[in-house]
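**Student:** First the structure, then my questions, so here it is.
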Amino acid sequence: MALLEVRELSVTYRPRDGVPVRAVDRVSFDVAEGEFVGLLGESGCGKSTLGNAVLRLLDKPAAITGGTVVFDGTDITTAREETLRSMRWARISTVFQSSMNSLNPVITVGAQFEDTFQAHGIDPGHRAAELLAMVSLDPVVLRRFPHELSGGMKQRVALALALALSPRFVLLDEPTTGLDVVVQRSILDRLRELQVELGFAVLFISHDLGTVMEMADRVMVMYAGEIVEDQPARAMTAAQLHPYSRGLLGSYADPRAAQISVTYVPGRPPDLSREQRGCRFAARCPMVVDACLSEHPELLPAGQGLARCLMVDSPAIPGGFAVPGRARVDTAEGPPVLAVRDVVKDYRGGTRAVDKVSFDLHSGRVTALVGQSGSGKTTLAKLVTGIERPTEGSVRFGATDVGALRGRKLRAYRRHVQLVFQDPFAALNPTSTVAYALSRPLRNHLGLSAAEAGERAADLLEVVGLAPAAQYLDKLPHQLSGGQRQRVVIARALAPEPAILVADEPISMLDVSIRAEILELLDRLARDRGIAMLYITHDLLSARMLADEVLVLSEGRVVEGGPTLRVIRHAEHAYTKLLLDALPKPV
Amino acid sequence: MRYFLRRAGFFAATLWAAVTLNFLIPRLQPGDPAEAIVSRLSGETRIVDPAQVEAIRKMLGVPGGNLLAQYGDYLSAVLAGDFGVSYTYFPYTVTHMIAEGLPWTVVLVGVTQVVSFVAGTLLGAWAAYRRNSRVDSLITLGSTFVGTLPFFWLALVLIYVFGFTLNWFPAQGGYGGGSSPGWTWAFFSDAVQHSVLPALSLLIVGPVGWIIGMRNNMVQTLGEDYARLARARGLTRRRIALTYGARIAVLPNVTGFAIALGGILGGTVLVESVFNYPGLGRMMLEAVSNRDYPLMQALFLFITIGVLAANFLADVLYGVLDPRVRGEEAA
Amino acid sequence: MTEAAQVAAGRPARLPGWFVILWRNRKCRIGLVMLLVFVALAVLAPWITPYGPREDDYPPSIGPVAEHWLGTTARGEDVLSQLIHGARTSLLVGLAAGVLSTVIALAVGLTAGYLRGLVDEVLSFFTNVALVVPVLPLMVTLAAYAPVKGLWLIIFVISVTGWAYGARIKRSQIITLRTRDYITAAKFAGDSTARIIVREIMPNMTSLIVVGFMGACLGAIGGEAGLAFLGLGDPQTTSWGTMLNQANNGGAMLTGQWAWLVAPGLAFAALMTALTLINFGVDALSNPHLRED
Amino acid sequence: TGTEGSSGTTATAPGMVDFLDYGDFGGGTAPQANYNPYLDATRLGATDYMYEKLMVFDNYSCTPRPWLATGFEWTDPRTLVLKLRSGVKWTDGQTLTAEDVAFSYQLIKKHEALDTQGLWNFLSSVEATGESTITMKFDEPGASVFTMAINVPVVPEHTWSKIPDPVTFVNTDKPVSSGPYTVKAFNPQQLTIERNPAYWQADKIKVQEIRFHKADGGGPIDQLKLSRGEYDHNAMFVPDVKKAYVDRDPEHNHYWYPPGGTISAYLNLTRAPFDDVAFRKALTTAFDHQEIIEKAQLGYVDQASQTGLIVPAHNKWLPAGLPGNGLVKYDAAATDAALTAAGYRKDGTGRRLGKDGKPIAFTFKVPGTYTDWVAAAEIVVDGLKAQGFDVAMETPDPQTYEKDRAIGDYDALFGAYGGSCNMYRNLADPLSGDLSAPIGKKARSNYIRWHDKETDRLLEELRVATDEATQKEAIAGVTKVMMEQVPMIPLWYGAKWYQYQTDKAIGWPEEKNPYASPGDNLLIITNLRPTG
Ligand SMILES: Nc1ncnc2c1ncn2[C@@H]1O[C@H](COP(=O)(O)OP(=O)(O)OP(=O)(O)O)[C@@H](O)[C@H]1O
Ligand SMILES: Nc1ncnc2c1ncn2[C@@H]1O[C@H](COP(=O)(O)OP(=O)(O)OP(=O)(O)O)[C@@H](O)[C@H]1O
Ligand SMILES: [Mg+2]
Ligand SMILES: [Mg+2]
């Protein structure tokens, strides 16, 4: 008998003022003692909901509407609260998606450990300190309050806390999301070691493909509330059974590879508040046949695992989602559009965020700026766009010294330099329509009339692939998907026909499948329109895909720079190597 | 340190502004203290005797002349802690009068505020704990209606029902006419009896704000990830409600409470005038209508200092209670 | 996604979504219905009251009888007619003072919060002083100072003493809003400061503004009643406060004309309750945690 | 335990009343001990029972009663000689002498702040001219200030001469007094005074103790207490006093509301059309007195006579042959006719036009907190509106109102005057040209700004008159001015509130036995005796 047996589990959200959403639909799977299982899936497909249901931690308006969860012989879905309470943590524990907020802000870390021991009648002794040592933290952390710890430290505390009572099963729901790549790496490495050492089973939820594929023994893929594929990781890396898995894995590649080609899955998942007929992936599937529209496939054995696809036995259509690889033309080096020379930026309190950085931007070329969190990437973007003034050095746009611009002149400069924001959810005013957002730069910078601006806005939407434009103009941001929003943000940045586009981590908040799509768009724009682009990221894969040139930034200094391929494949500086080491190495 | 200096600067500046306003507001009012006193003395006939006005003006030495000079005198007097002689209670000093009224106000309103706060917070926490149950509805809806009853009206009804019809408690005053104020048990129990009705009326309307505030805060904190994780950690419901819900939810309420405490002097006008309670609120109303500048100024100053001190206390308290803001002072 | 589902997902919605949330909240629904009744009474007052509010041709201080459901005042006016007309005053005061103090609070809060720097220091200083200065005494003084009393004076007094808190809240809200990406984006789009405040920031503060407005309404209605009760109101206006004041002075307790005293008190509480209940719903607008009640 | 202070423990002496419960005792809402008889504004009510004056006025019939002085004589129009009663002792056993009297008068001369009547504006000297003789000399014939001259509290020289500053002296430490009562106990809620057994007319004092109670100064609590019989005597406004008080115990609960001053409509005589006699005269019939009395004053008062005197109390001063004692009947039609005749006609829409052909619009001010006045003002305004005037009522606060009235910043409003036993003051206050001031300056008491040589001459005649016939003649002259020139329009007589109970004590002044006015405390206390 498996440690955890989930059978036909369904979860429905029934908001008081909304339509019910069946977020988890008849899901069945097992987790064996000591097994490390990964759960993959696009944002919103029901991963966290499933995890919470397994722990029976669902809050209103969600409720388990069917099925059972049997853990070690006890049915969790029907267990009494007290039985459950004593089971929790002692045998089954968790680290949440947002463990930044999962510690009580007003009591010390130590007190939270004590709470946990006390609730289970265990004498804490020195366990807390030992546990912290296990995740490489100093015991003084016990006396600290959560806000006194960095994100990575909090995450480690959460992990230590999860292991406090030596549980047999730990649910990890994106335990490192939002952390710096390097930190993330060290935590995950530690986690894997501990798992091997202590032998607990893990259900690891993430949409970070590389990581899941590297860490898990077995991987399940979820789509629209259902498990669509379940295979050993190794087997899945080699061959995906479900077209969706194929699309998903296609969007990942190792940036160090000699050749990379990345695909994406266009379209959006179905609306779960509606009755579903047929295969849920049918609308986005390149292999769709008529039967897919009417017949709902079951999760059936296939290959080395299970798959939910009628066409599972048909040969995969090669390049189903593939993005046509672009020819990497080396644009001739003309005069730089923007020249950054020895800029230094000191913030009050003595932080030197940027230290003597120099580089050029050329039209039609993409320069990537990579580096760990806090390395000064955003600060550089601010200097380039005139949001901040350099303490020393100069930023020159043709003959203009950007650092000296103010008021009207600065506004005029911004006609030529535009910014694409990291978070498409924050970059659009939730109360203004797409048409309004696009019309502002058109009217302000190009002096178009309202009618002209309207027409141009529609054109812009077509350019970024939101066609037909009429369908999007009157929408509010919340009516768009993340990818669509990011396209609107890009369209807005393109509106004044800038010479330079600064994109500050434009894809970090997006789902893997959408990332490729946006990257492709940016790439096209840079080439077709001859825009000089500064692409900021901590994701080497995207840098590899998009950039002609890479600058590696560490503690405000450029430690390495050059053509993309050279920097990534033949890194020389230790810091660059550290960044590369942080990349997952899927089996 | 910078932070501290900034706060201190803020308090000093606000205090100065308040002191100045307190000087100006009374003086902007029309009317003359001497006339006000005579017209009060004239009672129903409302006949003002000019000779008497003249004499009283001489008696009070009502300041005249240059406003700026008056302001200078006023500032130096205030700095010296000299608030002058009350016009209404001539020749008693303002300091004496405030000393008379202060304990009553502070005890009555202080005690009821504390009780309201504690009761309101507990009820609010209970409502949040039993969210959407019948208890919750009863507490929120019930307290809303009761809490919105006009305070003075409630006071009148209480006076009539308990003070006159049932005759359970004295209807007015701070103590009986027969007792002699002092630190005796007899006087104390007399004073307690007299404070029952005013206290009751304050207690009926007092807790509602705390109830709603606490409930809403706690509903929020109980929905936060740390509360959910606490549940996952197998903590008991009560423990979660207390340490992970109430403990955090109470913080904004505590600040609110400190500020409310500072406002008690300003907020007692109604209760004291209806119950004829010998505190500062009623004295202030009287001072305003009698154009008793010295008393008015001192009372306003008192209130302002109270509010400022409470603000300061709230800042400090928040720092003590909420570790999150403790470190921020350095920043 | 349907409109309702978007609302549920906690995304800011425009006016219709608003109503959906307000109406779906049970407490708020009760409050809205109660308020509607008061508004109807107030609007229709001249047509539905049996007598004029100041007509004093009836026997004084009689208890409830068929001709006078709530009896008469010491001067022989019909209490019921006064009560219904009083609803007008209260609602007018609430609305007008609510709007006025919200406007002041917005102007001060937005300017201070958006411009920061010296402007902020100065405005914040005034806000803090206004917060610290004793409100009731100031009200009393202002009301006593004014040479002529009238409803508009009361509204003015309540507004100028009641804006500070709202201004402070709005200032801190705008400080968090002004660093949002979409504000930076608007700057990149070349929008002017005024336009950014009006078009980008204000719409995102609606729920806060509405909450503030409701709070100001409540405060104003209470303030009017309190001032009137203290005898600082406008004696020519028929409001619940002046009714209570007159009932108190006119010996309602003494002559046993209970209805005269009880009715305005309960009517007041009912209106305040209605507004408070609506406020529960308005709170839910800005705090999704409260939405599932 | 809701009742206070009624648990008296004084042993009953035969023929005596143990104690009586009285109403308020002054001193504001938080009274502080203060028995300085000269500090009118802040002293406590007990002081009236502690310090006596040379003569006590019966303010109802306006007759002086011998008190510390047994009699007086005008040796010439400027010299008043009083005979001091012998055997009057201070509470410390010393004898009250003529020197004490002279000292008291000198005291208020020296400290102007204590001369609340402004007596020394008229006096030139006060001396003890013998063991029991006091001689007062006046700058001018003094008959018109007689009421003031005898109205100064007498204090003991041997203690008061040692007080460094009598203006700030509160006299709380064993006060030495001569009156019928001494302070027994005080707290801000209750003031208790007890009988002075060594009082010179102790045989007339039958009440052992008087307890004054502080409540809300005539507010609802006091009213409830009164209606429950917790006061043997109080003096406050009670709405519907018959139902609320008398009916609860018709045998013992009584009230008597004799008239006090006169409340008139003051018209600003410096502004058109109020400067036109014909206009003013026409308005005398425009107001519904009966309505004012019944609705606004709850029937407790009487209509005022246009003569400016109080009828019937002042009937003896009325000129012979005056129809209806100068009481004018409400007659809107007559006003209408008179106004039209005087050149103020109505236009087609019923608006009354001024002589310039423009509609007449003005304001009527009334203090917002004087609810009865507001009610009366509404009736007055209605009366004016009925005549086609565009009148707006304004309700400032009392202080503003008084300021506006004093500086003449008004069109029309109410004014109160008179009610004392000094006929000169009664009439001069509102009408004397000397007591007026230009618009914008504070007038002393002539707020209507009545400047009339004839009136001033008559008032001067009244001021210096020493015999009643001359006085009568002068007063008749003034009443004639009032009737013909209508400087103001008297509407009603303000009432002096006065409630009493007869279950413990009888002998209160009442309509049938008006031996004193409600405020004449010493006269009343010497007349009270146990019931039955
Ligand atoms: N409170 C709620 N009310 C209604 N629907 C909800 C609620 N919370 C989540 N959902 C819906 O449930 C579905 C699953 O959500 P869930 O959080 O499990 O997704 P996820 O796979 O964990 O996504 P992510 O990768 O973004 O964390 C989503 O479509 C979401 O819209
Ligand atoms: N306004 C500021 N005041 C003071 N220090 C700042 C400010 N902004 C940034 N810094 C500091 O400058 C350094 C560089 O920050 P920056 O935001 O440029 O990093 P980044 O590379 O963009 O990081 P991330 O990947 O987390 O976005 C950090 O140490 C940061 O703490
Ligand atoms: Mg999730
Ligand atoms: Mg950054």
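How things are named: the first chain in the structure tokens is A, the next is B, and so on; residues count from 1 in each chain; ligands count from 1 in the order shown.
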Write out as a VMD selection string every residue belonging to chain A that has an atom at most 6 Å from any atom of chain B, counting only C-alpha atoms.
**Tutor:** chain A and resid 85 88 to 89 101 to 104 106 119
**Student:** Skip D:Gln485 itself and residues of its chain fewer than 6 positions away, then list as a ChimeraX atom specification all residues within 8 Å of it, counting only C-alpha atoms.
**Tutor:** /D:277,280-281
**Student:** Please check which protein, DNA or RNA residues sit within 9 Å of ligand 1, counting only C-alpha atoms and all ligand atoms, and write them as a VMD selection string.
**Tutor:** (chain A and resid 11 to 15 18 to 24 40 to 52 59 to 62 97 173 to 174 205 to 207 222 to 225 271 to 273 511) or (chain C and resid 5 8 to 10)
**Student:** Using only C-alpha atoms and all ligand atoms, determine which residues fall within 10 Å of ligand 4, then list them as a list in words.
**Tutor:**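 Taking only C-alpha atoms and all ligand atoms into account, the residues around ligand 4 at most 10 Å away are Gly371, Gln372, Ser373, Gly374, Ser375, Gly376, Lys377, Thr378, Thr379, Leu380, Ala381, Lys382, Gln422, Asp504, Glu505, Ile536, Thr537 and His538 of chain A.
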**Student:** Keeping only all heavy atoms, write the selected residues to a file as a CSV table (one decimal), in the first residue's frame.
**Tutor:**
chain,number,residue,atom,x,y,z
A,371,GLY,N,22.4,38.8,-14.0
A,371,GLY,CA,23.0,38.9,-12.7
A,371,GLY,C,22.0,38.6,-11.6
A,371,GLY,O,20.8,38.5,-11.9
A,372,GLN,N,22.5,38.3,-10.5
A,372,GLN,CA,21.7,37.8,-9.3
A,372,GLN,C,21.0,39.0,-8.8
A,372,GLN,O,21.2,40.2,-9.2
A,372,GLN,CB,22.8,37.4,-8.4
A,372,GLN,CG,22.4,36.8,-7.1
A,372,GLN,CD,23.6,36.4,-6.3
A,372,GLN,OE1,24.8,36.6,-6.8
A,372,GLN,NE2,23.4,35.9,-5.1
A,373,SER,N,20.0,38.7,-7.9
A,373,SER,CA,19.2,39.8,-7.4
A,373,SER,C,20.1,40.8,-6.6
A,373,SER,O,21.0,40.4,-5.9
A,373,SER,CB,18.2,39.2,-6.4
A,373,SER,OG,17.4,40.2,-5.8
A,374,GLY,N,19.8,42.1,-6.8
A,374,GLY,CA,20.6,43.1,-6.1
A,374,GLY,C,21.9,43.4,-6.8
A,374,GLY,O,22.7,44.2,-6.2
A,375,SER,N,22.1,42.9,-7.9
A,375,SER,CA,23.4,43.2,-8.6
A,375,SER,C,23.4,44.6,-9.3
A,375,SER,O,24.4,45.0,-9.8
A,375,SER,CB,23.7,42.1,-9.6
A,375,SER,OG,22.7,41.9,-10.5
A,376,GLY,N,22.2,45.2,-9.3
A,376,GLY,CA,22.2,46.6,-9.9
A,376,GLY,C,21.5,46.7,-11.3
A,376,GLY,O,21.7,47.7,-11.9
A,377,LYS,N,20.9,45.6,-11.7
A,377,LYS,CA,20.3,45.6,-13.0
A,377,LYS,C,19.2,46.7,-13.2
A,377,LYS,O,19.2,47.5,-14.1
A,377,LYS,CB,19.6,44.2,-13.3
A,377,LYS,CG,20.6,43.0,-13.1
A,377,LYS,CD,20.0,41.7,-13.5
A,377,LYS,CE,18.8,41.3,-12.6
A,377,LYS,NZ,19.2,40.9,-11.2
A,378,THR,N,18.3,46.7,-12.2
A,378,THR,CA,17.2,47.7,-12.3
A,378,THR,C,17.7,49.1,-12.2
A,378,THR,O,17.3,50.0,-12.9
A,378,THR,CB,16.2,47.4,-11.2
A,378,THR,OG1,15.6,46.1,-11.4
A,378,THR,CG2,15.0,48.4,-11.3
A,379,THR,N,18.7,49.3,-11.4
A,379,THR,CA,19.3,50.6,-11.2
A,379,THR,C,19.9,51.1,-12.6
A,379,THR,O,19.7,52.2,-12.9
A,379,THR,CB,20.4,50.6,-10.2
A,379,THR,OG1,19.9,50.0,-9.0
A,379,THR,CG2,20.9,51.9,-9.9
A,380,LEU,N,20.5,50.2,-13.3
A,380,LEU,CA,21.0,50.6,-14.6
A,380,LEU,C,19.9,50.9,-15.5
A,380,LEU,O,20.0,51.9,-16.2
A,380,LEU,CB,21.8,49.4,-15.2
A,380,LEU,CG,23.3,49.5,-15.1
A,380,LEU,CD1,24.0,48.3,-15.6
A,380,LEU,CD2,23.8,50.8,-15.8
A,381,ALA,N,18.8,50.2,-15.5
A,381,ALA,CA,17.6,50.5,-16.3
A,381,ALA,C,17.1,51.9,-16.0
A,381,ALA,O,16.7,52.7,-16.8
A,381,ALA,CB,16.5,49.5,-16.1
A,382,LYS,N,17.1,52.2,-14.7
A,382,LYS,CA,16.6,53.5,-14.3
A,382,LYS,C,17.5,54.6,-14.8
A,382,LYS,O,17.1,55.7,-15.2
A,382,LYS,CB,16.6,53.6,-12.8
A,382,LYS,CG,15.4,52.8,-12.2
A,382,LYS,CD,15.3,53.0,-10.7
A,382,LYS,CE,14.2,52.2,-10.1
A,382,LYS,NZ,14.3,52.0,-8.6
A,422,GLN,N,8.5,44.5,-15.6
A,422,GLN,CA,8.6,43.1,-15.2
A,422,GLN,C,7.3,42.4,-15.0
A,422,GLN,O,7.1,41.3,-15.5
A,422,GLN,CB,9.4,43.1,-13.9
A,422,GLN,CG,9.4,41.8,-13.2
A,422,GLN,CD,10.4,41.9,-12.0
A,422,GLN,OE1,10.6,42.9,-11.5
A,422,GLN,NE2,10.8,40.7,-11.6
A,504,ASP,N,12.8,45.2,-18.4
A,504,ASP,CA,13.4,44.8,-17.1
A,504,ASP,C,12.6,43.5,-16.7
A,504,ASP,O,11.5,43.5,-16.2
A,504,ASP,CB,13.2,45.9,-16.1
A,504,ASP,CG,13.9,45.6,-14.7
A,504,ASP,OD1,14.4,44.5,-14.6
A,504,ASP,OD2,13.8,46.5,-13.8
A,505,GLU,N,13.3,42.4,-16.8
A,505,GLU,CA,12.7,41.1,-16.5
A,505,GLU,C,11.3,41.0,-17.0
A,505,GLU,O,10.4,40.7,-16.2
A,505,GLU,CB,12.8,40.8,-15.0
A,505,GLU,CG,14.2,41.2,-14.4
A,505,GLU,CD,14.5,40.4,-13.2
A,505,GLU,OE1,13.9,39.4,-13.0
A,505,GLU,OE2,15.4,40.9,-12.5
A,536,ILE,N,16.9,42.8,-19.5
A,536,ILE,CA,17.4,42.5,-18.2
A,536,ILE,C,16.8,41.2,-17.7
A,536,ILE,O,15.6,41.0,-17.8
A,536,ILE,CB,17.0,43.7,-17.2
A,536,ILE,CG1,17.8,45.0,-17.7
A,536,ILE,CG2,17.4,43.3,-15.8
A,536,ILE,CD1,17.4,46.2,-16.9
A,537,THR,N,17.6,40.4,-17.2
A,537,THR,CA,17.1,39.1,-16.7
A,537,THR,C,18.0,38.4,-15.8
A,537,THR,O,19.2,38.8,-15.6
A,537,THR,CB,16.8,38.2,-17.9
A,537,THR,OG1,16.1,37.0,-17.5
A,537,THR,CG2,18.1,37.7,-18.6
A,538,HIS,N,17.5,37.4,-15.0
A,538,HIS,CA,18.4,36.6,-14.3
A,538,HIS,C,18.3,35.2,-14.9
A,538,HIS,O,18.9,34.2,-14.4
A,538,HIS,CB,18.1,36.6,-12.8
A,538,HIS,CG,16.7,36.1,-12.5
A,538,HIS,ND1,15.8,37.0,-12.0
A,538,HIS,CD2,16.1,35.0,-12.6
A,538,HIS,CE1,14.6,36.4,-11.8
A,538,HIS,NE2,14.8,35.1,-12.2
**Student:** Identify all residues of stretch 7-207 of chain C in alpha helix (DSSP H) (DSSP on the backbone) and supply them as a PyMOL selection string.
**Tutor:** chain C and resi 7-8+15-24+26-48+79-115+117-132+135-145+151-162+164-177+181-188+193-195+206-207
**Student:** Tell me, as a ChimeraX atom specification, which residues lie within 6 Å of C:Gly109, counting only C-alpha atoms; anything in the same chain fewer than 3 positions away does not count.
**Tutor:** /C:105-106,112-113,167,170-171
**Student:** Do a neighbour search on A:Asp401 at 12 Å with only C-alpha atoms, toss out local chain neighbours closer than 2 positions, and write the hits as a VMD selection string.
**Tutor:** chain A and resid 338 to 341 383 to 386 389 to 390 393 to 399 403 to 406 409 to 410 413
**Student:** Those residues with C-alpha atoms, as a compact mmCIF listing (two decimals), in the first residue's frame please?
**Tutor:**
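Contents of result.txt, as written:
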# COMPACT_ATOMS: atom_id res chain seq x y z
CA LEU A 338 23.07 54.90 -26.50
CA ALA A 339 26.43 55.08 -24.84
CA VAL A 340 26.87 54.37 -21.16
CA ARG A 341 30.23 55.41 -19.83
CA LEU A 383 19.76 55.36 -15.27
CA VAL A 384 19.23 54.60 -18.91
CA THR A 385 15.62 55.75 -18.87
CA GLY A 386 16.32 58.89 -16.89
CA ARG A 389 20.62 60.38 -12.41
CA PRO A 390 24.08 58.84 -12.31
CA GLY A 393 29.78 58.97 -15.49
CA SER A 394 27.41 59.65 -18.34
CA VAL A 395 24.56 58.19 -20.28
CA ARG A 396 24.45 59.66 -23.75
CA PHE A 397 21.68 59.40 -26.26
CA GLY A 398 23.20 60.81 -29.41
CA ALA A 399 24.25 64.24 -28.27
CA GLY A 403 21.49 62.48 -16.71
CA ALA A 404 20.88 66.21 -17.12
CA LEU A 405 17.35 65.99 -18.46
CA ARG A 406 14.41 67.29 -16.51
CA LYS A 409 13.06 67.52 -21.99
CA LEU A 410 12.92 64.30 -20.05
CA TYR A 413 13.54 61.84 -24.31
**Student:** Please return as a VMD selection string: the residues of stretch 236-454 of chain A that backbone DSSP assigns to strand (DSSP E or B).
**Tutor:** chain A and resid 263 300 to 302 305 to 307 322 338 to 346 352 to 361 366 to 370 392 to 397 400 to 401 417 to 420
**Student:** Considering only C-alpha atoms, return as a ChimeraX atom specification whatever protein or nucleic-acid residues lie within 8 Å of stretch 124-129 of chain D, sequence-local ones (same chain, fewer than 3 positions apart) excluded.
**Tutor:** /D:98-99,101-102,105-106,120,132-139
**Student:** Store the residues picked out above, limited to C-alpha atoms, as an mmCIF file, in the first residue's frame.
**Tutor:**
data_model
loop_
_atom_site.group_PDB
_atom_site.id
_atom_site.type_symbol
_atom_site.label_atom_id
_atom_site.label_comp_id
_atom_site.auth_asym_id
_atom_site.auth_seq_id
_atom_site.Cartn_x
_atom_site.Cartn_y
_atom_site.Cartn_z
ATOM 1 C CA ALA D 98 -22.453 102.382 61.956
ATOM 2 C CA GLU D 99 -18.696 102.199 61.389
ATOM 3 C CA VAL D 101 -21.732 100.232 57.483
ATOM 4 C CA ALA D 102 -19.528 103.130 56.486
ATOM 5 C CA TYR D 105 -19.558 101.526 51.530
ATOM 6 C CA GLN D 106 -15.956 102.744 51.525
ATOM 7 C CA TRP D 120 -20.320 105.556 43.633
ATOM 8 C CA SER D 132 -26.361 104.648 65.053
ATOM 9 C CA THR D 133 -26.612 107.155 62.269
ATOM 10 C CA ILE D 134 -25.364 106.840 58.730
ATOM 11 C CA THR D 135 -25.347 109.826 56.432
ATOM 12 C CA MET D 136 -25.068 109.487 52.689
ATOM 13 C CA LYS D 137 -24.428 112.436 50.468
ATOM 14 C CA PHE D 138 -25.145 112.453 46.748
ATOM 15 C CA ASP D 139 -23.705 114.520 43.949
#
**Student:** Please provide as a list of chain:residue names all residues within 10 Å of A:Ile518, with the sequence filter that same-chain residues fewer than 6 positions apart are discarded (counting only C-alpha atoms).
**Tutor:**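 The neighbour list is A:Tyr264, A:Val464, A:Gly465, A:Gly483, A:Gln484, A:Gln486, A:Arg487, A:Ile490, A:Pro506, A:Ile507, A:Leu510, A:Arg524.
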**Student:** Taking N, CA, C and O atoms for each residue, export the selection above as a short mmCIF file (atom, residue, chain, number, x, y, z; two decimals), in the first residue's frame.
**Tutor:**
data_model
loop_
_atom_site.label_atom_id
_atom_site.label_comp_id
_atom_site.auth_asym_id
_atom_site.auth_seq_id
_atom_site.Cartn_x
_atom_site.Cartn_y
_atom_site.Cartn_z
N TYR A 264 6.37 26.84 -27.72
CA TYR A 264 5.39 27.21 -26.70
C TYR A 264 4.02 26.73 -27.13
O TYR A 264 3.80 26.39 -28.29
N VAL A 464 1.78 43.25 -31.96
CA VAL A 464 2.18 42.35 -30.87
C VAL A 464 1.36 41.08 -30.88
O VAL A 464 1.38 40.32 -29.92
N GLY A 465 0.61 40.87 -31.92
CA GLY A 465 -0.08 39.60 -32.08
C GLY A 465 -1.41 39.51 -31.37
O GLY A 465 -1.90 38.42 -31.11
N GLY A 483 -0.05 36.75 -20.52
CA GLY A 483 0.67 36.92 -21.76
C GLY A 483 0.08 38.06 -22.58
O GLY A 483 0.80 38.88 -23.15
N GLN A 484 -1.24 38.13 -22.59
CA GLN A 484 -1.90 39.20 -23.34
C GLN A 484 -1.55 40.55 -22.73
O GLN A 484 -1.30 41.52 -23.43
N GLN A 486 1.12 41.30 -21.04
CA GLN A 486 2.49 41.68 -21.32
C GLN A 486 2.60 42.19 -22.75
O GLN A 486 3.35 43.11 -23.03
N ARG A 487 1.79 41.66 -23.63
CA ARG A 487 1.80 42.15 -25.01
C ARG A 487 1.30 43.59 -25.08
O ARG A 487 1.82 44.41 -25.84
N ILE A 490 3.99 45.79 -23.96
CA ILE A 490 4.99 45.96 -25.01
C ILE A 490 4.46 46.90 -26.09
O ILE A 490 5.15 47.81 -26.54
N PRO A 506 11.05 41.10 -18.26
CA PRO A 506 9.67 41.17 -18.74
C PRO A 506 8.95 39.83 -18.68
O PRO A 506 7.75 39.80 -18.90
N ILE A 507 9.64 38.75 -18.39
CA ILE A 507 8.94 37.46 -18.43
C ILE A 507 8.96 36.72 -17.11
O ILE A 507 8.39 35.66 -16.98
N LEU A 510 5.74 35.45 -15.72
CA LEU A 510 4.85 34.74 -16.63
C LEU A 510 5.10 33.24 -16.58
O LEU A 510 6.17 32.77 -16.21
N ARG A 524 11.48 39.46 -32.56
CA ARG A 524 10.98 39.93 -33.84
C ARG A 524 11.03 41.46 -33.91
O ARG A 524 11.45 42.05 -34.90
#
**Student:** For chain C, which residue out of B:Glu286, B:Asp82, B:Glu54, B:Glu35 is the nearest one, using only C-alpha atoms?
**Tutor:**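 Of B:Glu286, B:Asp82, B:Glu54, B:Glu35, the one nearest chain C is B:Glu286, counting only C-alpha atoms.
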